[in-house]
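Raw entry.cif, mmCIF, C-alpha atoms:
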data_entry
#
loop_
_atom_site.label_atom_id
_atom_site.label_comp_id
_atom_site.auth_asym_id
_atom_site.auth_seq_id
_atom_site.Cartn_x
_atom_site.Cartn_y
_atom_site.Cartn_z
CA PRO A 269 5.12 -52.03 108.65
CA HIS A 270 1.81 -52.94 107.05
CA GLN A 271 0.17 -50.48 109.25
CA LEU A 272 -2.31 -47.80 108.59
CA GLN A 273 -5.74 -47.48 107.19
CA THR A 274 -7.78 -44.49 108.32
CA THR A 275 -11.57 -44.42 108.42
CA ASN A 276 -13.51 -41.53 109.94
CA ASN A 277 -10.37 -40.29 111.69
CA ILE A 278 -9.83 -43.71 113.32
CA THR A 279 -6.44 -45.27 112.74
CA LEU A 280 -6.71 -48.99 112.09
CA PHE A 281 -3.61 -51.15 112.28
CA LEU A 282 -3.36 -54.10 109.94
CA ARG A 283 -2.52 -57.56 111.22
CA PRO A 284 -1.98 -61.14 110.06
CA ILE A 285 -5.42 -62.73 109.55
CA ASP A 286 -4.50 -66.03 111.15
CA PRO A 287 -2.05 -68.79 111.81
CA SER A 288 -1.62 -71.50 109.25
CA SER A 289 -0.21 -74.97 109.56
CA VAL A 290 -1.16 -78.26 111.04
CA HIS A 291 -0.49 -80.19 114.19
CA PRO A 292 -0.75 -83.99 114.20
CA ALA A 293 -2.53 -84.06 117.55
CA ILE A 294 -5.57 -82.45 115.95
CA ALA A 295 -6.24 -85.74 114.21
CA SER A 296 -7.21 -87.19 117.56
CA MET A 297 -9.33 -84.29 118.80
CA GLN A 298 -12.37 -85.72 120.52
CA LYS A 299 -14.32 -85.42 123.70
CA VAL A 300 -12.40 -87.65 126.09
CA GLU A 301 -14.84 -89.20 128.53
CA ASP A 302 -12.33 -91.27 130.51
CA HIS A 303 -10.47 -89.12 133.04
CA ASP A 304 -7.28 -91.25 133.05
CA GLU A 305 -7.18 -91.21 129.25
CA ALA A 306 -7.54 -87.44 129.27
CA ILE A 307 -4.57 -87.15 131.63
CA ARG A 308 -2.45 -89.38 129.39
CA LEU A 309 -3.45 -87.40 126.32
CA LEU A 310 -2.55 -84.09 127.94
CA ALA A 311 0.82 -85.45 128.99
CA GLU A 312 1.59 -86.43 125.40
CA LEU A 313 0.48 -83.06 124.05
CA ARG A 314 2.66 -81.22 126.53
CA ALA A 315 5.64 -83.40 125.69
CA ILE A 316 5.15 -82.56 122.02
CA SER A 317 5.03 -78.87 122.86
CA ASP A 318 8.23 -79.18 124.93
CA GLY A 319 9.94 -80.98 122.07
CA SER A 320 10.70 -83.85 124.45
CA ALA A 321 8.18 -86.37 123.20
CA ALA A 322 9.38 -89.86 122.53
CA ALA A 323 7.21 -92.25 120.55
CA SER A 324 3.59 -91.29 121.08
CA ARG A 325 0.28 -91.86 119.36
CA PHE A 326 0.83 -88.58 117.49
CA ASP A 327 4.34 -89.23 116.17
CA LYS A 328 4.80 -89.04 112.41
CA LEU A 329 1.09 -88.72 111.73
CA SER A 330 0.31 -86.72 108.65
CA VAL A 331 -2.68 -84.41 108.83
CA THR A 332 -3.38 -82.24 105.81
CA GLU A 333 -5.33 -79.06 105.42
CA GLN A 334 -7.70 -77.77 102.82
CA GLY A 335 -6.72 -74.65 100.97
CA ARG A 336 -8.62 -72.39 98.66
CA GLY A 337 -9.34 -75.14 96.19
CA GLY A 338 -10.49 -77.64 98.80
CA ASP A 339 -7.69 -80.06 97.92
CA ASP A 340 -5.87 -82.02 100.61
CA GLN A 341 -2.74 -79.89 100.52
CA SER A 342 -0.89 -77.72 102.97
CA PHE A 343 -2.88 -74.58 103.69
CA ILE A 344 0.28 -72.49 103.49
CA GLY A 345 1.36 -74.08 100.24
CA ASN A 346 -2.08 -73.93 98.67
CA THR A 347 -3.18 -70.53 99.96
CA PRO A 348 -1.13 -67.47 99.00
CA GLU A 349 -1.39 -64.46 101.24
CA ASN A 350 -3.96 -62.05 99.85
CA SER A 351 -2.95 -58.46 100.52
CA ASN A 352 -6.52 -57.31 99.83
CA PHE A 353 -7.47 -59.02 103.10
CA ASN A 354 -4.24 -58.33 105.01
CA GLN A 355 -3.43 -62.02 105.07
CA TYR A 356 -0.08 -62.89 106.65
CA TRP A 357 0.34 -66.52 107.65
CA TYR A 358 2.07 -67.57 110.85
CA SER A 359 5.02 -69.94 110.99
CA SER A 360 4.50 -73.69 111.22
CA LYS A 361 5.90 -73.72 114.75
CA THR A 362 3.41 -71.08 115.85
CA ILE A 363 0.55 -73.11 114.42
CA GLU A 364 1.81 -76.28 116.06
CA VAL A 365 1.73 -74.61 119.46
CA LEU A 366 -1.61 -72.86 118.98
CA THR A 367 -3.40 -75.97 117.76
CA THR A 368 -1.94 -78.01 120.61
CA ALA A 369 -3.13 -75.38 123.09
CA ILE A 370 -6.63 -75.32 121.63
CA LEU A 371 -6.92 -79.10 121.78
CA GLU A 372 -5.49 -79.26 125.28
CA THR A 373 -7.86 -76.65 126.66
CA LEU A 374 -10.92 -78.21 125.02
CA ILE A 375 -10.10 -81.47 126.77
CA LEU A 376 -9.66 -79.78 130.14
CA PHE A 377 -13.05 -78.08 129.85
CA GLU A 378 -14.76 -81.04 128.15
CA GLY A 379 -15.60 -78.99 125.08
CA LYS A 380 -15.40 -79.61 121.35
CA SER A 381 -17.04 -76.73 119.47
CA VAL A 382 -14.86 -73.88 118.25
CA ALA A 383 -15.78 -70.70 116.37
CA PHE A 384 -12.87 -69.43 114.30
CA LEU A 385 -13.40 -65.69 113.76
CA SER A 386 -11.21 -64.42 110.91
CA THR A 387 -8.91 -67.42 111.42
CA PRO A 388 -9.53 -69.77 108.46
CA SER A 389 -6.18 -71.49 108.49
CA LEU A 390 -6.64 -72.76 112.03
CA TYR A 391 -10.08 -73.99 111.08
CA PHE A 392 -8.72 -75.80 108.02
CA ALA A 393 -6.03 -77.37 110.19
CA LEU A 394 -8.74 -79.64 111.57
CA PRO A 395 -9.61 -82.87 109.76
CA GLU A 396 -13.00 -82.74 108.07
CA GLU A 397 -14.50 -85.12 110.64
CA LYS A 398 -13.59 -82.78 113.50
CA ARG A 399 -14.61 -79.62 111.68
CA LYS A 400 -18.25 -80.70 111.88
CA HIS A 401 -18.27 -79.27 115.43
CA CYS A 402 -16.71 -75.98 114.31
CA LYS A 403 -17.41 -72.97 112.11
CA VAL A 404 -15.19 -70.47 110.34
CA PHE A 405 -16.56 -66.93 110.31
CA GLU A 406 -15.00 -65.06 107.40
CA TYR A 407 -15.50 -62.00 105.21
CA ASP A 408 -13.41 -63.60 102.44
CA THR A 409 -15.86 -65.73 100.44
CA VAL A 410 -13.20 -67.91 98.86
CA TRP A 411 -14.12 -70.64 101.38
CA GLN A 412 -17.88 -70.27 101.02
CA ASN A 413 -18.33 -73.79 99.64
CA ASP A 414 -17.06 -75.36 102.84
CA ALA A 415 -19.83 -76.75 105.03
CA GLY A 416 -18.55 -74.83 108.06
CA TYR A 417 -18.22 -71.45 106.38
CA VAL A 418 -20.24 -68.56 107.79
CA TYR A 419 -20.11 -65.17 106.09
CA TYR A 420 -19.08 -62.62 108.70
CA ASP A 421 -18.83 -58.84 108.63
CA PHE A 422 -17.62 -57.39 111.92
CA ASN A 423 -19.59 -54.23 111.20
CA LYS A 424 -22.68 -56.37 111.86
CA PRO A 425 -21.46 -58.39 114.84
CA GLU A 426 -24.73 -60.17 115.64
CA ALA A 427 -26.14 -60.50 112.12
CA LEU A 428 -25.81 -64.27 112.35
CA ASP A 429 -28.07 -67.30 112.26
CA PRO A 430 -29.94 -67.38 115.62
CA ASP A 431 -29.24 -71.11 115.78
CA LEU A 432 -25.56 -70.29 116.33
CA LYS A 433 -26.24 -68.32 119.51
CA GLY A 434 -24.64 -69.92 122.56
CA LYS A 435 -23.31 -72.93 120.62
CA PHE A 436 -19.53 -72.70 121.07
CA ASP A 437 -17.12 -73.65 123.83
CA LEU A 438 -14.17 -71.67 122.51
CA ILE A 439 -13.66 -68.64 120.27
CA VAL A 440 -10.44 -67.97 118.35
CA ILE A 441 -10.16 -64.36 117.19
CA ASP A 442 -7.70 -62.50 114.98
CA PRO A 443 -9.39 -59.37 113.60
CA PRO A 444 -8.19 -57.59 110.45
CA PHE A 445 -7.57 -54.39 112.46
CA LEU A 446 -6.21 -53.52 115.89
CA ALA A 447 -8.50 -50.59 116.66
CA HIS A 448 -10.50 -50.82 119.88
CA GLU A 449 -13.70 -50.16 117.96
CA VAL A 450 -13.11 -53.25 115.85
CA TRP A 451 -12.25 -55.45 118.81
CA ARG A 452 -15.44 -54.38 120.55
CA GLN A 453 -17.41 -55.58 117.55
CA TYR A 454 -15.66 -58.96 117.69
CA ALA A 455 -16.35 -59.14 121.42
CA LYS A 456 -20.07 -58.73 120.73
CA THR A 457 -19.87 -61.63 118.31
CA ALA A 458 -17.95 -63.74 120.80
CA ARG A 459 -20.56 -63.24 123.49
CA PHE A 460 -23.29 -64.07 121.01
CA LEU A 461 -21.62 -67.36 120.06
CA LEU A 462 -20.19 -68.59 123.37
CA LYS A 463 -22.08 -71.01 125.61
CA HIS A 464 -20.72 -69.36 128.74
CA ASP A 465 -19.57 -65.93 129.88
CA PRO A 466 -15.85 -65.45 129.10
CA LYS A 467 -15.22 -63.46 132.30
CA ASN A 468 -17.29 -65.28 134.92
CA SER A 469 -17.17 -69.03 135.48
CA THR A 470 -19.71 -71.44 136.91
CA THR A 471 -19.21 -74.96 138.22
CA THR A 472 -21.29 -77.94 137.09
CA GLU A 473 -21.02 -81.72 137.23
CA ASN A 474 -20.22 -83.82 134.18
CA SER A 475 -21.59 -87.28 133.35
CA ASN A 476 -19.06 -88.85 135.73
CA ALA A 477 -20.15 -86.59 138.61
CA ASN A 478 -16.86 -84.68 138.45
CA SER A 479 -16.96 -80.93 139.00
CA ILE A 480 -16.17 -78.96 135.83
CA ARG A 481 -15.58 -75.22 135.71
CA ARG A 482 -17.55 -73.67 132.86
CA LYS A 483 -16.39 -70.50 131.16
CA GLY A 484 -16.50 -69.19 127.61
CA LEU A 485 -12.97 -69.78 126.36
CA VAL A 486 -11.21 -67.11 124.30
CA LEU A 487 -7.91 -67.04 122.42
CA GLY A 488 -7.09 -63.79 120.64
CA THR A 489 -4.09 -62.40 118.81
CA THR A 490 -3.27 -58.71 118.86
CA ALA A 491 -0.57 -56.17 119.68
CA SER A 492 0.66 -55.58 123.21
CA GLU A 493 -0.86 -52.10 123.12
CA ASN A 494 -4.26 -53.81 123.46
CA LYS A 495 -3.37 -55.59 126.70
CA ASP A 496 -5.80 -53.62 128.86
CA LEU A 497 -8.54 -53.97 126.26
CA MET A 498 -8.19 -57.77 126.21
CA MET A 499 -8.60 -57.85 129.96
CA GLU A 500 -11.62 -55.58 129.78
CA LEU A 501 -13.40 -57.52 127.04
CA PHE A 502 -12.54 -61.11 127.91
CA GLY A 503 -10.59 -61.22 131.15
CA ALA A 504 -7.70 -62.30 128.92
CA SER A 505 -4.00 -62.05 129.75
CA PRO A 506 -0.90 -62.27 127.53
CA THR A 507 0.88 -65.60 127.31
CA THR A 508 4.61 -66.23 127.42
CA PHE A 509 4.45 -67.70 123.94
CA LEU A 510 4.78 -65.09 121.19
CA PRO A 511 3.56 -65.92 117.67
CA VAL A 512 5.77 -65.55 114.62
CA CYS A 513 4.55 -64.31 111.27
CA PRO A 514 7.45 -64.37 108.77
CA ASN A 515 6.08 -61.64 106.50
CA LEU A 516 4.99 -59.23 109.20
CA VAL A 517 7.49 -56.75 110.62
CA TYR A 518 5.99 -56.21 114.09
CA GLN A 519 5.36 -58.55 116.98
CA PHE A 520 1.96 -59.77 118.16
CA SER A 521 0.99 -61.42 121.42
CA VAL A 522 -1.47 -64.20 122.27
CA TYR A 523 -4.17 -63.44 124.84
CA VAL A 524 -6.27 -66.04 126.63
CA ASN A 525 -8.68 -66.14 129.53
CA CYS A 526 -8.31 -68.97 132.07
CA ILE A 527 -4.60 -68.25 131.76
CA ASP A 528 -3.51 -71.00 134.18
CA GLU A 529 -5.11 -73.71 132.05
CA TRP A 530 -3.35 -72.71 128.81
CA THR A 531 -0.11 -74.37 129.91
CA THR A 532 1.24 -74.95 126.40
CA LEU A 533 1.30 -71.19 125.86
CA GLN A 534 3.35 -70.53 129.00
CA LYS A 535 6.61 -71.45 127.30
CA PRO A 536 8.72 -69.12 125.14
CA ASN A 537 8.69 -69.52 121.39
CA PRO A 538 12.25 -70.55 120.38
CA GLU A 539 11.77 -68.77 117.05
CA VAL A 540 11.47 -65.47 118.89
CA ALA A 541 14.22 -66.25 121.41
CA SER A 542 16.64 -67.07 118.60
CA GLY A 543 15.77 -63.91 116.71
CA SER A 544 14.19 -65.84 113.82
#
Write out the structure in this file as structure tokens.
Amino acid sequence: PHQLQTTNNITLFLRPIDPSSVHPAIASMQKVEDHDEAIRLLAELRAISDGSAAASRFDKLSVTEQGRGGDDQSFIGNTPENSNFNQYWYSSKTIEVLTTAILETLILFEGKSVAFLSTPSLYFALPEEKRKHCKVFEYDTVWQNDAGYVYYDFNKPEALDPDLKGKFDLIVIDPPFLAHEVWRQYAKTARFLLKHDPKNSTTTENSNANSIRRKGLVLGTTASENKDLMMELFGASPTTFLPVCPNLVYQFSVYVNCIDEWTTLQKPNPEVASGS
């Protein structure tokens, strides 16, 4: 496996930097004010995830991504994996499920701002119009000309623009190493960026006087050996869905807090079940 790098007697395990593909539903990501419309939208998204969707507003839509050159091309096709940054892209099916889950959960919590930490391909899966509410935090400067790019070094977890503090509803994290020390650095960044605490929720009323539970949302990808750490840092639990990365030889898991609300991720990945 692409495994070891040792620094100061600490063994660091390499991992895929992030998922990469596109899901058509992202084209319609927006803050849904109407409760009935939100319910209908969630039903369609879940049907897509189940593979049972008939004709819906998302069928046969084509949403492209920006790659390294900023052209409207597939991120996978336009962005080769860079071994210098341990980049291993996820399968299209994995990205379809993850992007659906992100969109679904944002709707449930009436959020729209996402910080993508070391996950550029998920960020570039969003149409440009929707990316204006999001940022991609990356050490790789190849994307530095994008308006949402923020240079990020996990060794300096809070060395960020103060204006970004407490600005995000959801954090997506896929660090370049599995070591606990590295994850703790990313957790510091997550708490800096999130609007709400990821482990303790509060309840407020929205504009329609409906009660909304507020919590800093977290989706992270790491090995199962970090299960206890994910609970400690974020109150996050492993999902049933397991991601696939074709060029990586070991299996990762997806961890989320608010586990009951991430319904799309509570179904097995058929790629894993079939041994793909």
Take the PyMOL selection byres ((chain A and resi 494-503) around 7), run it mentally on this structure, and tell me the resulting residues as a compact mmCIF listing (two decimals) with C-alpha atoms, keeping the file's coordinate frame.
# COMPACT_ATOMS: atom_id res chain seq x y z
CA ALA A 455 -16.35 -59.14 121.42
CA PRO A 466 -15.85 -65.45 129.10
CA LYS A 467 -15.22 -63.46 132.30
CA THR A 490 -3.27 -58.71 118.86
CA ALA A 491 -0.57 -56.17 119.68
CA SER A 492 0.66 -55.58 123.21
CA GLU A 493 -0.86 -52.10 123.12
CA ALA A 504 -7.70 -62.30 128.92
CA SER A 505 -4.00 -62.05 129.75
CA ASN A 525 -8.68 -66.14 129.53
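If you look at atom CA of Leu374 of chain A and atom CA of Glu406 of chain A, they are 22.4 Å away from each other.
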Which residues of segment 371-392 of chain A sit at most 7 Å from segment 436-442 of chain A, using only C-alpha atoms? Give each one's shortest atom pair and distance in Å (one decimal place), in chain and ascending residue order, as a tab-separated table.
residue	atom	partner	partner_atom	distance
A:Gly379	CA	A:Asp437	CA	5.7
A:Lys380	CA	A:Asp437	CA	6.7
A:Ser381	CA	A:Phe436	CA	5.0
A:Val382	CA	A:Leu438	CA	4.8
A:Ala383	CA	A:Ile439	CA	4.9
A:Phe384	CA	A:Val440	CA	4.9
A:Leu385	CA	A:Ile441	CA	4.9
A:Ser386	CA	A:Asp442	CA	5.7
A:Thr387	CA	A:Asp442	CA	6.2
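Atom pair atom CA of Ser359 of chain A / atom CA of Val512 of chain A has a distance of 5.7 Å (rounded to one decimal).
Using only C-alpha atoms, the shortest contact distance between Ile375 of chain A and any of A:Glu349, A:Pro511, A:Pro536, A:Trp530 is found at A:Trp530.
The smallest atom-to-atom distance between Glu364 of chain A and any of A:Asp414, A:Asp465, A:His401, A:Ala393, using only C-alpha atoms, is found for A:Ala393.
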Query raised in the report: Which one of A:Glu539, A:Ser351, A:Phe509, A:Asn515 sits closest to Ala369 of chain A if you count all atoms listed in the file?
Result: A:Phe509
Spatial neighbours of Leu432 of chain A, 12 Å, only C-alpha atoms, chain gap at least 3 places, as a CSV table (one decimal) with C-alpha atoms, keeping the file's coordinate frame:
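Saved the output as part.csv:
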chain,number,residue,atom,x,y,z
A,381,SER,CA,-17.0,-76.7,119.5
A,382,VAL,CA,-14.9,-73.9,118.2
A,383,ALA,CA,-15.8,-70.7,116.4
A,401,HIS,CA,-18.3,-79.3,115.4
A,402,CYS,CA,-16.7,-76.0,114.3
A,403,LYS,CA,-17.4,-73.0,112.1
A,404,VAL,CA,-15.2,-70.5,110.3
A,405,PHE,CA,-16.6,-66.9,110.3
A,416,GLY,CA,-18.6,-74.8,108.1
A,418,VAL,CA,-20.2,-68.6,107.8
A,426,GLU,CA,-24.7,-60.2,115.6
A,427,ALA,CA,-26.1,-60.5,112.1
A,428,LEU,CA,-25.8,-64.3,112.4
A,429,ASP,CA,-28.1,-67.3,112.3
A,435,LYS,CA,-23.3,-72.9,120.6
A,436,PHE,CA,-19.5,-72.7,121.1
A,437,ASP,CA,-17.1,-73.6,123.8
A,457,THR,CA,-19.9,-61.6,118.3
A,458,ALA,CA,-18.0,-63.7,120.8
A,459,ARG,CA,-20.6,-63.2,123.5
A,460,PHE,CA,-23.3,-64.1,121.0
A,461,LEU,CA,-21.6,-67.4,120.1
A,462,LEU,CA,-20.2,-68.6,123.4
A,463,LYS,CA,-22.1,-71.0,125.6
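Between atom CA of Ile370 of chain A and atom CA of Pro348 of chain A the interatomic distance comes to 24.6 Å.
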Query raised in the report: Which protein, DNA or RNA residues have an atom at most 7 Å from (-18.0, -70.1, 132.2), counting only C-alpha atoms? List them as a ChimeraX atom specification.
Result: /A:464-466,468-470,481-484
Requested in this report: Fewer than 2 positions away in the same chain doesn't count, so skip those; otherwise give me all residues within 9 Å of Cys513 of chain A, counting only C-alpha atoms, as a ChimeraX atom specification.
Outcome: /A:284,287,356-359,362,511,515-520
